[in-house]
Structure formats: structure tokens, C-alpha cells
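The file target09.csv comes next; it holds CSV, C-alpha atoms.
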```csv
chain,number,residue,atom,x,y,z
A,981,MET,CA,-16.1,5.3,-11.8
A,982,ASP,CA,-14.8,8.6,-10.4
A,983,LEU,CA,-16.8,11.2,-12.3
A,984,ALA,CA,-14.7,14.2,-11.2
A,985,THR,CA,-11.5,12.7,-12.8
A,986,LEU,CA,-13.3,11.5,-15.9
A,987,ILE,CA,-15.0,14.9,-16.4
A,988,SER,CA,-11.7,16.6,-15.9
A,989,LEU,CA,-10.0,14.6,-18.6
A,990,VAL,CA,-12.8,14.7,-21.1
A,991,GLY,CA,-13.6,18.3,-20.3
A,992,GLY,CA,-10.0,19.4,-20.7
A,993,LEU,CA,-9.9,17.9,-24.1
A,994,ALA,CA,-13.2,19.5,-25.0
A,995,ILE,CA,-12.0,22.9,-23.9
A,996,ILE,CA,-8.8,22.6,-25.9
A,997,LEU,CA,-10.8,21.6,-29.1
A,998,ILE,CA,-13.4,24.3,-28.5
A,999,GLY,CA,-10.6,26.9,-28.1
A,1000,ILE,CA,-8.9,25.8,-31.3
A,1001,ALA,CA,-12.1,25.7,-33.2
A,1002,THR,CA,-13.2,29.1,-31.9
A,1003,ALA,CA,-9.9,30.8,-32.8
A,1004,GLY,CA,-9.4,29.3,-36.3
A,1005,GLY,CA,-12.4,27.2,-37.2
A,1006,LEU,CA,-12.9,23.4,-37.2
A,1007,GLN,CA,-10.7,23.0,-40.2
A,1008,THR,CA,-7.7,24.0,-38.1
A,1009,ILE,CA,-7.9,21.1,-35.7
A,1010,PRO,CA,-6.0,18.6,-37.9
A,1011,SER,CA,-3.1,21.1,-38.0
A,1012,TYR,CA,-2.6,20.5,-34.3
A,1013,ILE,CA,-1.8,16.8,-34.9
A,1014,ASP,CA,1.9,16.5,-35.6
A,1015,VAL,CA,3.5,13.1,-35.3
A,1016,PRO,CA,7.1,14.2,-34.9
A,1017,SER,CA,6.1,16.5,-32.1
A,1018,MET,CA,4.2,13.7,-30.4
A,1019,ILE,CA,7.2,11.4,-30.7
A,1020,ILE,CA,9.5,14.0,-29.2
A,1021,THR,CA,7.2,15.2,-26.4
A,1022,PHE,CA,5.3,12.1,-25.3
A,1023,GLY,CA,7.9,9.6,-26.2
A,1024,GLY,CA,10.7,11.6,-24.6
A,1025,ALA,CA,8.7,12.2,-21.4
A,1026,PHE,CA,7.8,8.6,-20.9
A,1027,ILE,CA,11.1,7.1,-21.9
A,1028,CYS,CA,13.0,9.4,-19.6
A,1029,VAL,CA,10.8,8.4,-16.6
A,1030,PHE,CA,11.0,4.8,-17.7
A,1031,GLY,CA,14.8,5.0,-17.4
A,1032,SER,CA,14.5,6.0,-13.8
A,1033,GLN,CA,12.2,3.0,-12.9
A,1034,SER,CA,12.3,-0.8,-13.1
A,1035,VAL,CA,10.2,-2.3,-15.8
A,1036,PRO,CA,7.6,-3.7,-13.4
A,1037,GLY,CA,7.6,-0.5,-11.4
A,1038,PHE,CA,7.0,1.6,-14.5
A,1039,ILE,CA,4.2,-0.6,-15.9
A,1040,GLY,CA,2.6,-0.7,-12.4
A,1041,GLY,CA,2.9,3.0,-12.1
A,1042,VAL,CA,1.2,3.7,-15.5
A,1043,LYS,CA,-1.6,1.4,-14.5
A,1044,THR,CA,-2.4,3.5,-11.5
A,1045,ILE,CA,-4.3,5.8,-13.9
A,1046,GLY,CA,-7.1,3.2,-13.5
A,1047,LYS,CA,-7.2,3.8,-9.8
A,1048,ALA,CA,-7.6,7.6,-10.4
A,1049,LEU,CA,-10.6,6.8,-12.6
A,1050,ASN,CA,-12.2,4.5,-10.1
A,1051,GLU,CA,-13.6,6.1,-6.9
A,1052,PRO,CA,-12.5,4.0,-3.9
A,1053,LYS,CA,-15.2,3.0,-1.5
A,1054,PHE,CA,-14.3,3.7,2.1
A,1055,ASP,CA,-17.4,3.3,4.3
A,1056,MET,CA,-16.2,5.0,7.4
A,1057,ALA,CA,-19.6,4.8,9.1
A,1058,GLY,CA,-19.8,1.1,8.3
A,1059,LEU,CA,-16.3,0.6,9.7
A,1060,VAL,CA,-17.0,2.5,13.0
A,1061,LYS,CA,-20.2,0.4,13.4
A,1062,GLN,CA,-18.3,-2.8,12.8
A,1063,ILE,CA,-15.6,-1.9,15.3
A,1064,VAL,CA,-18.2,-1.0,17.9
A,1065,GLU,CA,-19.8,-4.4,17.4
A,1066,LEU,CA,-16.4,-6.1,17.8
A,1067,SER,CA,-15.9,-4.1,21.0
A,1068,ASN,CA,-19.2,-5.4,22.3
A,1069,THR,CA,-18.2,-8.9,21.4
A,1070,ALA,CA,-14.9,-8.6,23.2
A,1071,ARG,CA,-16.5,-7.0,26.3
A,1072,LYS,CA,-19.1,-9.8,26.5
A,1073,ASP,CA,-17.1,-12.9,25.5
A,1074,GLY,CA,-13.5,-11.8,26.0
A,1075,LEU,CA,-10.6,-11.0,23.6
A,1076,LEU,CA,-10.3,-14.6,22.5
A,1077,ALA,CA,-13.7,-14.3,20.8
A,1078,LEU,CA,-12.1,-11.8,18.4
A,1079,GLU,CA,-10.2,-14.7,16.6
A,1080,GLU,CA,-13.5,-16.3,15.6
A,1081,ALA,CA,-15.0,-13.0,14.7
A,1082,SER,CA,-12.0,-12.3,12.4
A,1083,ASN,CA,-13.1,-15.1,10.2
A,1084,ASN,CA,-15.9,-12.8,8.8
A,1085,ILE,CA,-13.6,-9.8,8.3
A,1086,GLU,CA,-12.5,-9.1,4.7
A,1087,ASP,CA,-10.0,-6.3,5.3
A,1088,PRO,CA,-6.6,-7.9,5.9
A,1089,LEU,CA,-5.4,-5.1,8.2
A,1090,LEU,CA,-8.4,-5.3,10.5
A,1091,LYS,CA,-8.3,-9.1,10.4
A,1092,LYS,CA,-4.6,-9.1,11.4
A,1093,GLY,CA,-5.2,-6.7,14.2
A,1094,LEU,CA,-8.0,-8.8,15.7
A,1095,VAL,CA,-5.9,-12.0,15.5
A,1096,LEU,CA,-2.9,-10.3,17.2
A,1097,THR,CA,-5.2,-8.9,19.9
A,1098,ALA,CA,-6.8,-12.3,20.5
A,1099,ASP,CA,-3.3,-13.8,20.8
A,1100,GLY,CA,-2.5,-11.5,23.6
A,1101,THR,CA,0.1,-9.4,21.8
A,1102,GLU,CA,1.3,-6.3,23.6
A,1103,PRO,CA,-0.5,-3.1,22.5
A,1104,GLU,CA,2.7,-1.4,21.5
A,1105,LEU,CA,3.7,-4.3,19.3
A,1106,VAL,CA,0.2,-4.4,17.7
A,1107,ARG,CA,0.4,-0.7,16.9
A,1108,ALA,CA,3.9,-1.1,15.5
A,1109,ILE,CA,2.9,-4.0,13.3
A,1110,LEU,CA,-0.2,-2.4,11.9
A,1111,GLU,CA,1.5,1.0,11.4
A,1112,ALA,CA,4.3,-0.8,9.5
A,1113,GLU,CA,1.6,-2.3,7.2
A,1114,ILE,CA,0.1,1.2,6.7
A,1115,GLU,CA,3.5,2.7,5.9
A,1116,SER,CA,4.0,-0.1,3.3
A,1117,ILE,CA,0.7,0.8,1.7
A,1118,ASP,CA,1.6,4.4,1.7
A,1119,GLY,CA,5.0,3.7,0.1
A,1120,ARG,CA,3.4,1.6,-2.7
A,1121,HIS,CA,0.9,4.3,-3.5
A,1122,LYS,CA,3.6,7.0,-3.6
A,1123,VAL,CA,5.5,5.2,-6.3
A,1124,GLY,CA,2.6,5.6,-8.7
A,1125,ILE,CA,2.0,9.2,-7.5
A,1126,LYS,CA,5.6,10.1,-8.1
A,1127,LEU,CA,5.6,8.5,-11.6
A,1128,TRP,CA,2.8,10.8,-12.8
A,1129,GLU,CA,4.5,13.8,-11.2
A,1130,ASP,CA,7.7,12.9,-12.9
A,1131,ILE,CA,5.9,12.6,-16.3
A,1132,GLY,CA,4.2,15.9,-15.7
A,1133,ALA,CA,7.6,17.5,-15.0
A,1134,GLN,CA,9.2,15.9,-18.1
A,1135,GLY,CA,6.4,16.9,-20.5
A,1136,PRO,CA,7.2,20.7,-20.7
A,1137,ALA,CA,10.9,19.9,-20.7
A,1138,TRP,CA,10.7,17.6,-23.7
A,1139,GLY,CA,8.3,20.1,-25.3
A,1140,MET,CA,11.1,22.7,-25.0
A,1141,ILE,CA,13.6,20.2,-26.6
A,1142,GLY,CA,11.2,19.7,-29.5
A,1143,THR,CA,10.9,23.5,-29.8
A,1144,LEU,CA,14.7,23.7,-30.1
A,1145,VAL,CA,14.8,20.9,-32.7
A,1146,GLY,CA,12.2,22.7,-34.7
A,1147,LEU,CA,14.0,26.0,-34.5
A,1148,VAL,CA,17.4,24.4,-35.5
A,1149,ASN,CA,15.8,22.7,-38.5
A,1150,MET,CA,14.1,25.9,-39.5
A,1151,LEU,CA,17.3,27.9,-39.3
A,1152,ASN,CA,19.1,25.3,-41.3
A,1153,ASN,CA,16.5,25.6,-44.0
A,1154,MET,CA,15.9,29.3,-44.2
A,1155,SER,CA,16.5,29.2,-48.0
A,1156,ASP,CA,13.7,26.7,-48.4
A,1157,ALA,CA,10.4,28.5,-47.8
A,1158,SER,CA,8.5,25.2,-47.9
A,1159,ALA,CA,10.4,23.8,-44.9
A,1160,LEU,CA,9.8,26.8,-42.7
A,1161,GLY,CA,6.1,26.0,-41.9
A,1162,PRO,CA,6.6,22.3,-40.9
A,1163,ASN,CA,9.7,23.1,-38.8
A,1164,MET,CA,7.9,26.0,-37.1
A,1165,ALA,CA,5.0,23.7,-36.4
A,1166,VAL,CA,7.2,21.2,-34.6
A,1167,ALA,CA,8.8,24.1,-32.7
A,1168,LEU,CA,5.5,25.4,-31.4
A,1169,ILE,CA,3.3,22.3,-31.1
A,1170,THR,CA,5.9,20.4,-29.0
A,1171,THR,CA,5.6,23.1,-26.3
A,1172,PHE,CA,1.8,22.8,-26.6
A,1173,TYR,CA,1.9,19.0,-26.2
A,1174,GLY,CA,4.2,19.2,-23.2
A,1175,SER,CA,2.0,21.7,-21.4
A,1176,ALA,CA,-1.1,19.7,-22.2
A,1177,LEU,CA,0.4,16.5,-20.9
A,1178,ALA,CA,1.5,18.0,-17.6
A,1179,ASN,CA,-1.6,20.1,-16.9
A,1180,TRP,CA,-4.4,18.2,-18.6
A,1181,VAL,CA,-3.4,14.6,-17.7
A,1182,CYS,CA,-0.6,14.3,-15.1
A,1183,PHE,CA,-1.8,17.0,-12.7
A,1184,PRO,CA,-5.3,15.7,-12.1
A,1185,VAL,CA,-4.2,12.0,-12.1
A,1186,SER,CA,-1.4,12.5,-9.5
A,1187,ASN,CA,-3.5,14.7,-7.3
A,1188,LYS,CA,-6.4,12.3,-7.3
A,1189,LEU,CA,-4.1,9.4,-6.4
A,1190,LYS,CA,-2.8,11.6,-3.5
A,1191,LEU,CA,-6.4,12.2,-2.3
A,1192,ASN,CA,-7.3,8.5,-2.5
A,1193,ASN,CA,-4.2,7.6,-0.7
A,1194,GLU,CA,-5.0,10.1,2.1
A,1195,LYS,CA,-8.5,8.6,2.4
A,1196,GLU,CA,-7.2,5.1,2.6
A,1197,LEU,CA,-4.6,6.0,5.2
A,1198,THR,CA,-7.2,7.7,7.4
A,1199,TYR,CA,-9.5,4.6,7.0
A,1200,LYS,CA,-6.7,2.3,8.0
A,1201,GLY,CA,-5.8,4.6,10.9
A,1202,VAL,CA,-9.3,4.2,12.3
A,1203,MET,CA,-8.9,0.5,12.3
A,1204,VAL,CA,-5.7,0.8,14.3
A,1205,GLU,CA,-7.3,3.1,16.9
A,1206,GLY,CA,-10.3,0.9,17.1
A,1207,ILE,CA,-8.3,-2.3,17.7
A,1208,LEU,CA,-6.2,-0.7,20.3
A,1209,SER,CA,-9.3,0.7,22.0
A,1210,ILE,CA,-10.8,-2.8,22.1
A,1211,GLN,CA,-7.6,-4.2,23.4
A,1212,ALA,CA,-7.5,-1.6,26.2
A,1213,GLY,CA,-11.0,-2.7,27.3
A,1214,GLU,CA,-12.6,0.7,26.7
A,1215,ASN,CA,-16.3,1.0,26.8
A,1216,PRO,CA,-17.8,0.5,23.4
A,1217,ARG,CA,-19.5,3.8,23.7
A,1218,VAL,CA,-16.2,5.5,24.3
A,1219,THR,CA,-14.7,3.7,21.3
A,1220,GLU,CA,-17.5,4.8,19.1
A,1221,GLU,CA,-17.2,8.5,20.1
A,1222,LYS,CA,-13.4,8.3,19.6
A,1223,LEU,CA,-13.7,6.9,16.1
A,1224,LYS,CA,-16.5,9.2,15.1
A,1225,ALA,CA,-14.0,12.1,15.5
A,1226,PHE,CA,-12.4,10.9,12.2
A,1227,MET,CA,-15.7,11.4,10.4
A,1228,SER,CA,-16.9,14.7,8.8
A,1229,PRO,CA,-19.8,16.5,10.7
A,1230,ALA,CA,-22.2,15.5,7.9
A,1231,ASP,CA,-21.2,11.8,8.2
A,1232,GLN,CA,-21.4,12.0,11.9
A,1233,ALA,CA,-24.9,13.3,11.7
A,1234,ALA,CA,-25.9,10.6,9.3
A,1235,TYR,CA,-24.3,7.9,11.5
A,1236,ASN,CA,-26.1,9.2,14.6
A,1237,ALA,CA,-29.4,9.2,12.7
A,1238,ALA,CA,-28.9,5.7,11.5
A,1239,ASN,CA,-27.6,4.2,14.7
A,1240,GLY,CA,-29.6,6.3,17.2
A,1241,SER,CA,-26.5,7.7,18.9
A,1242,GLY,CA,-25.1,11.2,19.5
A,1243,GLU,CA,-26.2,13.9,21.8
```
For the structure just supplied, provide its representation as C-alpha cells.
Amino acid sequence: MDLATLISLVGGLAIILIGIATAGGLQTIPSYIDVPSMIITFGGAFICVFGSQSVPGFIGGVKTIGKALNEPKFDMAGLVKQIVELSNTARKDGLLALEEASNNIEDPLLKKGLVLTADGTEPELVRAILEAEIESIDGRHKVGIKLWEDIGAQGPAWGMIGTLVGLVNMLNNMSDASALGPNMAVALITTFYGSALANWVCFPVSNKLKLNNEKELTYKGVMVEGILSIQAGENPRVTEEKLKAFMSPADQAAYNAANGSGE
């Protein structure tokens, strides 16, 4: 579970409720629950984005909120160590030994790269194939990211539409004092809902998906560089130092301490 995203969503709701309660008391919280405003703002935002997607694409995009709430595990240090071990295997037993070693590899990209290398595929072609796989992963991730960005953009817009609906109804019923309050509530709360949807939910979700995507692309990029280094017959020590450059200084220090490497 990604605590930062969870705390952001729960904390955002808590801040809104505390602000309402502080300003008008706990008894005013129910007055911020308005079904017509919810239908216009949330329903309008989601249905508008739905219209620009395929049904499977929309459903898959909405489900990506689960990925934002789950922290991905990219063990960069473990990956570097694994590639160095594979480099030692190739240096000792030849590139053909990588095909057998690939049987114990779980990541499909790394597995594919090792098999291609063992088959004697040209380095340029290996890079092209693996980078095409990475671009495909990036493209799939961006579909979910864009969906949440689009919902975030539509939220305030539909909030404004709700505001106009409320104002029109209010102006049409100026002679009925009892209708002024409900219509004014719709006019104001829809804007509130639209802003909350965009800034409380969509902004953190889309940005966390972007961050996770960048981490995965970097992780996959290390695999590509490691495979090409093995294929080029580089010294495992050189391969290790090359791949450590993708790690943060703190992670490098931890890796060196655990593996007895470094200066």
C-alpha cells in the first residue's frame, strides 16, 4: 500500500470536513451533501470522459487508481546484482548459458533479452526489440494517466455547468423564496464538488501514476543496458559500475556495503 497516496486522499477529506466544521459547526456538514450537484458534477465529468474512450479502455483506466494506491516494488539493487551475476555466467560459460539462466528469470523483458542474446541476435536489433516493449508499457500507462487528467479537467468545467443550472433555476423562481436556497446551493456546491474532484482525487492519482511509470521505465532501461553490456562482453565490474549510475547515492552506498564493492 502506498501510504503517501492514501494519506493524501484521506487527509484531503479530513481537511475539508475540519474546515467546514470549524467555519459553521458539525451540524453544517450535511448541508454540503447535495445529490443534484453530485449528479451534474461527478456524473458529467465521468460520462464526458467515457465518451472519449472505448468501454474497456475507460474501465481499465478507472481501475488504475488501484495502482496509485499500491506502491510498486522495483528493487534496483537486486536487479543490478542479478545482471552482474548473469554477466559472470556469460563470461565464464559463454552467451549460450544465458538461455538456461533465463529459465529462472521472472521479469518477461529481462527474460526476452537474455534469450535474444543467447540466440546471437544483433545488438542493435536486441535494443530495438526491448525498447519497443518499453514504449508499449509506457503507452499503456499513459492511457490511465490521461484518463485521470481528463477527469480532473472536466470536474471544474461541469461544476461551472452546475453553477449555471442553479443560477438559471434561481432566477426563474425569484418570486418563490423557498426555491432560492436549494437552487443557490446547487449553484455553489457544484463548483465546490468540481474543484474537490480535480484537486483532491485526480491530481494526486494522475501524478502518482506518472511517478510509478517513470520508476518502471528506469528499471526496464537498466535491464536493457545490462543485457547489451553482457552481449558486448564487457567486464562484469564495468557492467556493475555502469548500472549503479542509475541508482541514487544512498542506494549506491547501501549496495556497496551489502556487496563489498565501491571505492
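Proximity to Leu1127 of chain A was assessed for A:Gly1213, A:Met1150, A:Ala1178, A:Tyr1012 counting only C-alpha atoms; the smallest distance is recorded for A:Ala1178.
Interatomic distance, atom CA of Lys1047 of chain A against atom CA of Ala1230 of chain A: 26.0 Å.
Nearest-residue note for Asn1179 of chain A: choosing from A:Ser988, A:Gln1232, A:Thr1069, A:Thr1008, the minimum distance belongs to A:Ser988, counting all atoms listed in the file.
You can rank A:Met1164, A:Glu1104, A:Lys1188, A:Ile1169 by their closest distance to Asn1152 of chain A using all atoms listed in the file, and at the top of that list sits A:Met1164.
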Query raised in the report: From the list A:Ile1207, A:Val1166, A:Leu1189, A:Val1218, which residue is nearest Leu1110 of chain A when using all atoms listed in the file?
Result: A:Ile1207
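Checking A:Gly1240, A:Asn1083, A:Asp1231, A:Met1056 one by one against Leu1197 of chain A, counting all atoms listed in the file, you find the shortest gap at A:Met1056.
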For the point (-20.6, 10.9, 22.7) in file coordinates, what residues are within 12 Å, counting all atoms listed in the file? Give the answer as a compact mmCIF listing (two decimals) with C-alpha atoms, in the frame of the given file?
```txt
# COMPACT_ATOMS: atom_id res chain seq x y z
CA ASN A 1215 -16.30 1.00 26.80
CA PRO A 1216 -17.80 0.50 23.40
CA ARG A 1217 -19.50 3.80 23.70
CA VAL A 1218 -16.20 5.50 24.30
CA THR A 1219 -14.70 3.70 21.30
CA GLU A 1220 -17.50 4.80 19.10
CA GLU A 1221 -17.20 8.50 20.10
CA LYS A 1222 -13.40 8.30 19.60
CA LEU A 1223 -13.70 6.90 16.10
CA LYS A 1224 -16.50 9.20 15.10
CA ALA A 1225 -14.00 12.10 15.50
CA GLN A 1232 -21.40 12.00 11.90
CA ASN A 1236 -26.10 9.20 14.60
CA GLY A 1240 -29.60 6.30 17.20
CA SER A 1241 -26.50 7.70 18.90
CA GLY A 1242 -25.10 11.20 19.50
CA GLU A 1243 -26.20 13.90 21.80
```
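Nearest to Asn1050 of chain A of all the residues A:Ile1109, A:Ile1019, A:Leu1066, A:Met981 is A:Met981, counting only C-alpha atoms.
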Requested in this report: Take the point (5.9, 11.9, -31.7) in the file's coordinates, draw a sphere of radius 12 Å around it, and report as a list of chain:residue names every protein, DNA or RNA residue with an atom inside or on it, counting all atoms listed in the file.
Outcome: A:Ile1013, A:Asp1014, A:Val1015, A:Pro1016, A:Ser1017, A:Met1018, A:Ile1019, A:Ile1020, A:Thr1021, A:Phe1022, A:Gly1023, A:Gly1024, A:Ala1025, A:Phe1026, A:Trp1138, A:Gly1139, A:Gly1142, A:Val1166, A:Ile1169, A:Thr1170, A:Tyr1173, A:Gly1174
Report task. Pick out the residues sitting within 12 Å of segment 1037-1046 of chain A, and hand them over as a ChimeraX atom specification; count all atoms listed in the file, and ignore anything fewer than 3 positions along from it in its own chain. Result -> /A:981-982,985-986,989,1026-1034,1049-1052,1120-1131,1181-1190,1192-1193
Query raised in the report: At what distance in Å, to one decimal, does atom CA of Leu1168 of chain A lie from atom CA of Leu1144 of chain A?
Result: 9.4 Å
Requested in this report: Compile the contact shell of Asp1087 of chain A as a ChimeraX atom specification: residues with an atom at most 12 Å away, counting only C-alpha atoms, same-chain residues fewer than 3 positions apart removed.
Outcome: /A:1054,1059,1062,1082-1084,1090-1094,1199-1200,1203
